[in-house]
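**Q** Quick one: the structure is below, questions incoming.
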Amino acid sequence: MISDIVDLKAFYATLLGRFAERSISMALSSLWTKLPEERLMGLGYTLPWLDRFAADAERTFAFMPARQGAVTWPPGKPSATAIVLEDELPLADAALDRVLLVHALEHTENPRQALLEIWRVLAPGGRLVIVVPNRRGMWARFEHTPFGTGRPYSRAQLVELLREANFTPARWADALHFPPAERRWIMRLHRWLEHAGRRFWPLFAGVLVVEAEKRLYQGLPAMARRSRRVLMPVFTPQGATMGGWNGRKTTGG
């Protein structure tokens, strides 16, 4: 099960979604250091955080997986959004300084290949920031939020996956320490529960956040692709279940 773009937008428009966005923003802020003239890409559904962190970037892209669907962004400006395949990003080598993944890795069919592709488009010393559902957390157990879909991860699983793709995990954070309850009286306590959870039960946070650095001292094998899929652009919101992309094969070397 994957999170459709329509469902994601609807969730972050709710009160629970706004609380979740704020909690994840705090975790990202603890890891996020400013990079001069940064080239930033968000992969997955990253729009709430690109709006917050892209102000200092020289260039920003919002890439969304084809199965998820896409919307135009930023509003009122030329679109910086594209539908992509996670293992075939339409960027040159070393084109980016930082990549942010939210609502992406847990839905990827081949996570290792997706991370190898991100390694390719990151510049030397580039940074990858990942937000994924925590396998131990309560949020991964309920499907009424996007964090209850896809494949949750433990910290050890993330470390192994990142190292296989030639990334070095550097710093960690966590978020969503309050329960994913929709009852008003519980949501009124979310600030207290978030503070208490961060202090007393961080192992059971709803999401894990890790910043990893591109490692250069180990080579990657060249991988030849027999075919390359081509995606058509969209100009209106498209859901993954609504046919938001068209693909065709072309013969390539």
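By order of appearance in the structure tokens: chains A, B, ..., then residues from 1 within every chain, and ligands from 1 in the order shown.
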Find the spatial neighbours of range 82-88 of chain A, counting only C-alpha atoms, within a cut-off of 6 Å - ignore same-chain residues fewer than 6 positions away - and output them as a VMD selection string.
**A** chain A and resid 63 to 66 113 to 114 117
**Q** Can you list, as a PyMOL selection string, every protein, DNA or RNA residue that comes within 6 Å of Thr81 in chain A when you count only C-alpha atoms, leaving out same-chain residues fewer than 5 positions away?
**A** chain A and resi 62-63+72-73
**Q** Output the selection as a compact mmCIF listing (two decimals), in the first residue's frame - N, CA and C atoms for each residue.
**A**
```txt
# COMPACT_ATOMS: atom_id res chain seq x y z
N ALA A 62 11.25 19.73 -6.51
CA ALA A 62 10.34 18.85 -5.78
C ALA A 62 10.00 17.69 -6.70
N PHE A 63 10.70 16.58 -6.52
CA PHE A 63 10.48 15.39 -7.34
C PHE A 63 9.55 14.45 -6.61
N THR A 72 1.67 20.66 -8.71
CA THR A 72 2.61 21.73 -9.04
C THR A 72 3.06 22.45 -7.78
N TRP A 73 4.30 22.89 -7.77
CA TRP A 73 4.90 23.61 -6.66
C TRP A 73 6.08 24.41 -7.20
```
**Q** What does the structure give for the distance between CA of Arg199 in chain A and CA of Ala175 in chain A, in Å to one decimal?
**A**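 Distance reported for this atom pair: 11.5 Å.
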**Q** Near range 127-143 of chain A, within 7 Å and counting only C-alpha atoms, which residues show up once chain neighbours fewer than 6 positions away are dropped, as a list in words?
**A**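 Returned residues: Asp97, Arg98, Val99, Leu100, Leu101, Val102, His103, Leu105, Glu106, Thr149, Pro152, Tyr153, Ser154, Pro179, Pro180, Phe204, Ala205, Gly206, Val207, Leu208, Val209, Val210, Glu211, Ala212, Glu213 and Lys214 of chain A.
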**Q** Would you export the selected residues with N, CA, C and O atoms as a CSV table (one decimal), in the first residue's frame, please?
**A**
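Heads up, here's the output in out.csv:
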```
chain,number,residue,atom,x,y,z
A,97,ASP,N,23.5,19.3,-3.8
A,97,ASP,CA,24.2,19.4,-2.6
A,97,ASP,C,23.5,18.6,-1.4
A,97,ASP,O,24.1,18.2,-0.5
A,98,ARG,N,22.1,18.6,-1.5
A,98,ARG,CA,21.4,17.9,-0.5
A,98,ARG,C,20.1,17.3,-1.1
A,98,ARG,O,19.5,17.9,-1.9
A,99,VAL,N,19.7,16.2,-0.5
A,99,VAL,CA,18.5,15.5,-0.9
A,99,VAL,C,17.7,15.2,0.3
A,99,VAL,O,18.2,14.7,1.3
A,100,LEU,N,16.4,15.6,0.3
A,100,LEU,CA,15.5,15.3,1.4
A,100,LEU,C,14.5,14.3,1.0
A,100,LEU,O,13.8,14.5,0.0
A,101,LEU,N,14.4,13.1,1.7
A,101,LEU,CA,13.4,12.1,1.4
A,101,LEU,C,12.4,12.0,2.5
A,101,LEU,O,12.7,11.8,3.7
A,102,VAL,N,11.1,12.2,2.2
A,102,VAL,CA,10.0,12.0,3.1
A,102,VAL,C,8.9,11.3,2.3
A,102,VAL,O,8.6,11.7,1.2
A,103,HIS,N,8.2,10.3,2.9
A,103,HIS,CA,7.2,9.5,2.3
A,103,HIS,C,7.7,9.0,1.0
A,103,HIS,O,7.1,9.0,-0.1
A,105,LEU,N,11.2,6.5,0.8
A,105,LEU,CA,12.0,5.3,1.0
A,105,LEU,C,11.1,4.1,1.4
A,105,LEU,O,11.4,3.0,0.9
A,106,GLU,N,10.2,4.3,2.2
A,106,GLU,CA,9.3,3.2,2.7
A,106,GLU,C,8.4,2.6,1.6
A,106,GLU,O,7.9,1.5,1.7
A,149,THR,N,1.7,3.3,6.3
A,149,THR,CA,1.8,2.6,5.0
A,149,THR,C,3.2,2.4,4.6
A,149,THR,O,4.1,3.1,5.1
A,152,PRO,N,8.2,0.2,7.4
A,152,PRO,CA,8.9,0.9,8.4
A,152,PRO,C,10.4,0.4,8.6
A,152,PRO,O,10.7,-0.8,8.2
A,153,TYR,N,11.2,1.2,9.2
A,153,TYR,CA,12.6,0.8,9.4
A,153,TYR,C,13.0,1.0,10.8
A,153,TYR,O,12.5,1.8,11.6
A,154,SER,N,14.0,0.1,11.2
A,154,SER,CA,14.7,0.3,12.5
A,154,SER,C,16.0,1.1,12.2
A,154,SER,O,16.4,1.2,11.0
A,179,PRO,N,0.8,10.1,20.4
A,179,PRO,CA,0.0,9.1,19.7
A,179,PRO,C,-0.7,9.7,18.5
A,179,PRO,O,-1.2,10.9,18.5
A,180,PRO,N,-1.0,8.9,17.4
A,180,PRO,CA,-1.7,9.4,16.2
A,180,PRO,C,-3.2,9.4,16.5
A,180,PRO,O,-4.0,8.9,15.6
A,204,PHE,N,10.5,4.9,20.8
A,204,PHE,CA,9.2,4.6,20.2
A,204,PHE,C,8.6,5.8,19.5
A,204,PHE,O,7.4,5.9,19.3
A,205,ALA,N,9.5,6.6,19.0
A,205,ALA,CA,9.1,7.8,18.2
A,205,ALA,C,8.4,7.3,16.9
A,205,ALA,O,8.7,6.2,16.4
A,206,GLY,N,7.5,8.1,16.3
A,206,GLY,CA,6.8,7.7,15.1
A,206,GLY,C,7.7,7.6,13.9
A,206,GLY,O,7.5,6.8,13.0
A,207,VAL,N,8.7,8.5,13.8
A,207,VAL,CA,9.6,8.5,12.7
A,207,VAL,C,11.0,8.6,13.1
A,207,VAL,O,11.3,9.2,14.2
A,208,LEU,N,11.9,8.1,12.3
A,208,LEU,CA,13.4,8.3,12.5
A,208,LEU,C,13.8,9.3,11.4
A,208,LEU,O,13.4,9.3,10.3
A,209,VAL,N,14.8,10.1,11.8
A,209,VAL,CA,15.4,11.1,10.9
A,209,VAL,C,16.9,10.9,10.9
A,209,VAL,O,17.5,10.9,12.0
A,210,VAL,N,17.5,10.8,9.8
A,210,VAL,CA,19.0,10.6,9.7
A,210,VAL,C,19.5,11.4,8.6
A,210,VAL,O,19.0,11.6,7.5
A,211,GLU,N,20.7,12.0,8.9
A,211,GLU,CA,21.5,12.7,7.9
A,211,GLU,C,22.7,11.9,7.6
A,211,GLU,O,23.4,11.5,8.5
A,212,ALA,N,22.9,11.6,6.3
A,212,ALA,CA,24.1,10.8,5.9
A,212,ALA,C,24.9,11.6,4.9
A,212,ALA,O,24.3,12.4,4.1
A,213,GLU,N,26.2,11.3,4.8
A,213,GLU,CA,27.0,12.0,3.9
A,213,GLU,C,27.5,11.0,2.8
A,213,GLU,O,27.8,9.9,3.0
A,214,LYS,N,27.6,11.6,1.6
A,214,LYS,CA,28.1,10.8,0.5
A,214,LYS,C,29.5,10.4,0.7
A,214,LYS,O,30.4,11.2,0.9
```
**Q** Report as a ChimeraX atom specification all protein, DNA and RNA residues lying within 12 Å of range 188-194 of chain A, evaluated on only C-alpha atoms, omitting residues in the same chain fewer than 6 positions from it.
**A** /A:15-16,18-20,22-24,26-27,174-182,200-202,204-206
**Q** Please produce a file of the residues just selected, as a JSON list (two decimals), in the first residue's frame, where the atoms kept are N, CA, C and O atoms.
**A**
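New file again.json:
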```json
[["chain", "number", "residue", "atom", "x", "y", "z"],
["A", 15, "LEU", "N", -5.80, 18.77, 11.43],
["A", 15, "LEU", "CA", -5.11, 19.21, 12.65],
["A", 15, "LEU", "C", -4.00, 18.23, 13.03],
["A", 15, "LEU", "O", -2.89, 18.65, 13.39],
["A", 16, "LEU", "N", -4.27, 16.93, 12.94],
["A", 16, "LEU", "CA", -3.24, 15.94, 13.25],
["A", 16, "LEU", "C", -2.07, 16.06, 12.28],
["A", 16, "LEU", "O", -0.91, 15.95, 12.68],
["A", 18, "ARG", "N", -1.07, 18.79, 10.74],
["A", 18, "ARG", "CA", -0.28, 19.99, 11.05],
["A", 18, "ARG", "C", 0.62, 19.76, 12.27],
["A", 18, "ARG", "O", 1.75, 20.25, 12.31],
["A", 19, "PHE", "N", 0.11, 19.01, 13.26],
["A", 19, "PHE", "CA", 0.95, 18.66, 14.40],
["A", 19, "PHE", "C", 2.13, 17.79, 13.96],
["A", 19, "PHE", "O", 3.26, 17.97, 14.43],
["A", 20, "ALA", "N", 1.87, 16.84, 13.07],
["A", 20, "ALA", "CA", 2.93, 15.96, 12.58],
["A", 20, "ALA", "C", 3.97, 16.76, 11.80],
["A", 20, "ALA", "O", 5.18, 16.56, 11.98],
["A", 22, "ARG", "N", 4.75, 19.89, 12.17],
["A", 22, "ARG", "CA", 5.52, 20.70, 13.11],
["A", 22, "ARG", "C", 6.55, 19.86, 13.85],
["A", 22, "ARG", "O", 7.70, 20.28, 14.04],
["A", 23, "SER", "N", 6.16, 18.65, 14.26],
["A", 23, "SER", "CA", 7.09, 17.78, 14.98],
["A", 23, "SER", "C", 8.27, 17.38, 14.10],
["A", 23, "SER", "O", 9.43, 17.40, 14.54],
["A", 24, "ILE", "N", 7.99, 17.01, 12.84],
["A", 24, "ILE", "CA", 9.07, 16.63, 11.93],
["A", 24, "ILE", "C", 9.95, 17.83, 11.60],
["A", 24, "ILE", "O", 11.18, 17.70, 11.47],
["A", 26, "MET", "N", 10.74, 20.25, 13.59],
["A", 26, "MET", "CA", 11.66, 20.44, 14.72],
["A", 26, "MET", "C", 12.82, 19.47, 14.63],
["A", 26, "MET", "O", 13.98, 19.83, 14.89],
["A", 27, "ALA", "N", 12.54, 18.20, 14.27],
["A", 27, "ALA", "CA", 13.60, 17.22, 14.14],
["A", 27, "ALA", "C", 14.55, 17.58, 13.00],
["A", 27, "ALA", "O", 15.77, 17.48, 13.13],
["A", 174, "ASP", "N", 14.59, 12.23, 15.93],
["A", 174, "ASP", "CA", 13.32, 11.50, 15.86],
["A", 174, "ASP", "C", 12.19, 12.48, 16.11],
["A", 174, "ASP", "O", 12.39, 13.59, 16.60],
["A", 175, "ALA", "N", 10.98, 12.06, 15.76],
["A", 175, "ALA", "CA", 9.81, 12.94, 15.89],
["A", 175, "ALA", "C", 8.56, 12.08, 16.05],
["A", 175, "ALA", "O", 8.62, 10.86, 15.98],
["A", 176, "LEU", "N", 7.43, 12.75, 16.24],
["A", 176, "LEU", "CA", 6.13, 12.11, 16.45],
["A", 176, "LEU", "C", 6.15, 11.22, 17.69],
["A", 176, "LEU", "O", 5.95, 10.01, 17.63],
["A", 177, "HIS", "N", 6.36, 11.86, 18.84],
["A", 177, "HIS", "CA", 6.35, 11.13, 20.11],
["A", 177, "HIS", "C", 4.96, 11.07, 20.73],
["A", 177, "HIS", "O", 4.77, 10.40, 21.74],
["A", 178, "PHE", "N", 4.01, 11.79, 20.16],
["A", 178, "PHE", "CA", 2.64, 11.74, 20.66],
["A", 178, "PHE", "C", 1.85, 10.72, 19.85],
["A", 178, "PHE", "O", 2.21, 10.41, 18.71],
["A", 179, "PRO", "N", 0.78, 10.15, 20.38],
["A", 179, "PRO", "CA", 0.03, 9.11, 19.65],
["A", 179, "PRO", "C", -0.74, 9.70, 18.48],
["A", 179, "PRO", "O", -1.15, 10.87, 18.52],
["A", 180, "PRO", "N", -0.97, 8.91, 17.43],
["A", 180, "PRO", "CA", -1.70, 9.40, 16.24],
["A", 180, "PRO", "C", -3.20, 9.38, 16.46],
["A", 180, "PRO", "O", -3.96, 8.88, 15.61],
["A", 181, "ALA", "N", -3.65, 9.93, 17.56],
["A", 181, "ALA", "CA", -5.07, 9.92, 17.91],
["A", 181, "ALA", "C", -5.75, 11.14, 17.31],
["A", 181, "ALA", "O", -5.17, 12.23, 17.25],
["A", 182, "GLU", "N", -6.99, 10.98, 16.90],
["A", 182, "GLU", "CA", -7.75, 12.07, 16.30],
["A", 182, "GLU", "C", -8.76, 12.69, 17.26],
["A", 182, "GLU", "O", -9.47, 13.61, 16.88],
["A", 200, "PHE", "N", 11.48, 10.61, 27.55],
["A", 200, "PHE", "CA", 11.37, 9.34, 28.25],
["A", 200, "PHE", "C", 11.23, 8.12, 27.34],
["A", 200, "PHE", "O", 11.60, 7.02, 27.75],
["A", 201, "TRP", "N", 10.66, 8.26, 26.13],
["A", 201, "TRP", "CA", 10.53, 7.08, 25.27],
["A", 201, "TRP", "C", 10.91, 7.37, 23.82],
["A", 201, "TRP", "O", 10.16, 7.11, 22.89],
["A", 202, "PRO", "N", 12.12, 7.89, 23.59],
["A", 202, "PRO", "CA", 12.54, 8.22, 22.22],
["A", 202, "PRO", "C", 12.61, 7.00, 21.30],
["A", 202, "PRO", "O", 12.49, 7.14, 20.07],
["A", 204, "PHE", "N", 10.48, 4.86, 20.82],
["A", 204, "PHE", "CA", 9.17, 4.57, 20.25],
["A", 204, "PHE", "C", 8.61, 5.76, 19.48],
["A", 204, "PHE", "O", 7.40, 5.87, 19.28],
["A", 205, "ALA", "N", 9.48, 6.65, 19.01],
["A", 205, "ALA", "CA", 9.06, 7.78, 18.18],
["A", 205, "ALA", "C", 8.41, 7.28, 16.90],
["A", 205, "ALA", "O", 8.70, 6.19, 16.40],
["A", 206, "GLY", "N", 7.52, 8.10, 16.34],
["A", 206, "GLY", "CA", 6.82, 7.69, 15.12],
["A", 206, "GLY", "C", 7.70, 7.62, 13.90],
["A", 206, "GLY", "O", 7.47, 6.78, 13.01]]
```
**Q** Which residue is closest to Asp4 in chain A? Choose from A:Arg52, A:Arg163, A:Arg120, A:His107 and count only C-alpha atoms.
**A**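 Ranked by minimum distance to Asp4 in chain A, first place goes to A:His107.
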**Q** What gap, in Å, lies between CA of Asp93 in chain A and CA of Glu109 in chain A?
**A** 22.6 Å
**Q** Among the residues of range 2-209 of chain A, find those DSSP assigns to alpha helix (DSSP H) from the backbone and print them as an NGL selection string.
**A** :A and (5-12 or 15-31 or 47-53 or 111-121 or 155-164 or 184-187 or 190-200)
**Q** Just to be explicit: take each residue in the selection above, keep C-alpha atoms, and write the result as an mmCIF file, in the first residue's frame.
**A**
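In the end it all went to selection.cif:
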```cif
data_model
loop_
_atom_site.group_PDB
_atom_site.id
_atom_site.type_symbol
_atom_site.label_atom_id
_atom_site.label_comp_id
_atom_site.auth_asym_id
_atom_site.auth_seq_id
_atom_site.Cartn_x
_atom_site.Cartn_y
_atom_site.Cartn_z
ATOM 1 C CA ILE A 5 -0.762 12.454 -3.436
ATOM 2 C CA VAL A 6 -4.418 13.255 -2.762
ATOM 3 C CA ASP A 7 -4.344 11.408 0.572
ATOM 4 C CA LEU A 8 -1.069 13.073 1.567
ATOM 5 C CA LYS A 9 -2.386 16.575 0.882
ATOM 6 C CA ALA A 10 -5.600 15.784 2.734
ATOM 7 C CA PHE A 11 -3.726 14.451 5.776
ATOM 8 C CA TYR A 12 -1.470 17.505 6.134
ATOM 9 C CA LEU A 15 -5.109 19.207 12.650
ATOM 10 C CA LEU A 16 -3.240 15.938 13.246
ATOM 11 C CA GLY A 17 -1.301 16.479 10.026
ATOM 12 C CA ARG A 18 -0.285 19.995 11.053
ATOM 13 C CA PHE A 19 0.952 18.663 14.403
ATOM 14 C CA ALA A 20 2.927 15.964 12.577
ATOM 15 C CA GLU A 21 4.448 18.516 10.184
ATOM 16 C CA ARG A 22 5.522 20.700 13.108
ATOM 17 C CA SER A 23 7.087 17.779 14.978
ATOM 18 C CA ILE A 24 9.070 16.629 11.932
ATOM 19 C CA SER A 25 10.155 20.208 11.229
ATOM 20 C CA MET A 26 11.656 20.440 14.716
ATOM 21 C CA ALA A 27 13.603 17.218 14.137
ATOM 22 C CA LEU A 28 14.845 18.400 10.744
ATOM 23 C CA SER A 29 15.866 21.776 12.180
ATOM 24 C CA SER A 30 18.130 20.008 14.685
ATOM 25 C CA LEU A 31 20.062 18.453 11.759
ATOM 26 C CA LEU A 47 6.439 20.196 0.096
ATOM 27 C CA PRO A 48 5.667 21.202 3.735
ATOM 28 C CA TRP A 49 9.383 21.171 4.547
ATOM 29 C CA LEU A 50 10.685 22.568 1.274
ATOM 30 C CA ASP A 51 8.530 25.622 1.957
ATOM 31 C CA ARG A 52 10.389 25.966 5.246
ATOM 32 C CA PHE A 53 13.975 25.079 4.314
ATOM 33 C CA PRO A 111 15.559 0.982 -1.779
ATOM 34 C CA ARG A 112 19.224 0.180 -2.397
ATOM 35 C CA GLN A 113 19.015 1.080 -6.092
ATOM 36 C CA ALA A 114 17.161 4.300 -5.244
ATOM 37 C CA LEU A 115 19.903 5.292 -2.789
ATOM 38 C CA LEU A 116 22.605 4.464 -5.337
ATOM 39 C CA GLU A 117 20.867 6.800 -7.783
ATOM 40 C CA ILE A 118 20.766 9.539 -5.144
ATOM 41 C CA TRP A 119 24.485 8.915 -4.512
ATOM 42 C CA ARG A 120 25.076 9.525 -8.228
ATOM 43 C CA VAL A 121 23.324 12.910 -8.344
ATOM 44 C CA ARG A 155 17.859 2.357 13.030
ATOM 45 C CA ALA A 156 20.018 -0.715 12.368
ATOM 46 C CA GLN A 157 18.231 -1.387 9.070
ATOM 47 C CA LEU A 158 18.765 2.201 7.938
ATOM 48 C CA VAL A 159 22.455 2.078 8.826
ATOM 49 C CA GLU A 160 22.956 -1.131 6.851
ATOM 50 C CA LEU A 161 21.054 0.187 3.835
ATOM 51 C CA LEU A 162 22.935 3.491 3.800
ATOM 52 C CA ARG A 163 26.330 1.818 4.078
ATOM 53 C CA GLU A 164 25.493 -0.551 1.215
ATOM 54 C CA ARG A 184 -9.641 16.405 20.409
ATOM 55 C CA TRP A 185 -8.883 15.873 24.092
ATOM 56 C CA ILE A 186 -5.780 13.834 23.222
ATOM 57 C CA MET A 187 -4.617 16.297 20.585
ATOM 58 C CA HIS A 190 0.142 16.708 22.055
ATOM 59 C CA ARG A 191 2.716 19.321 23.134
ATOM 60 C CA TRP A 192 3.094 17.743 26.564
ATOM 61 C CA LEU A 193 3.167 14.218 25.110
ATOM 62 C CA GLU A 194 5.733 15.236 22.479
ATOM 63 C CA HIS A 195 7.999 16.769 25.126
ATOM 64 C CA ALA A 196 7.612 13.796 27.465
ATOM 65 C CA GLY A 197 8.134 11.268 24.678
ATOM 66 C CA ARG A 198 11.290 12.959 23.459
ATOM 67 C CA ARG A 199 12.677 12.682 26.977
ATOM 68 C CA PHE A 200 11.367 9.342 28.249
#
```
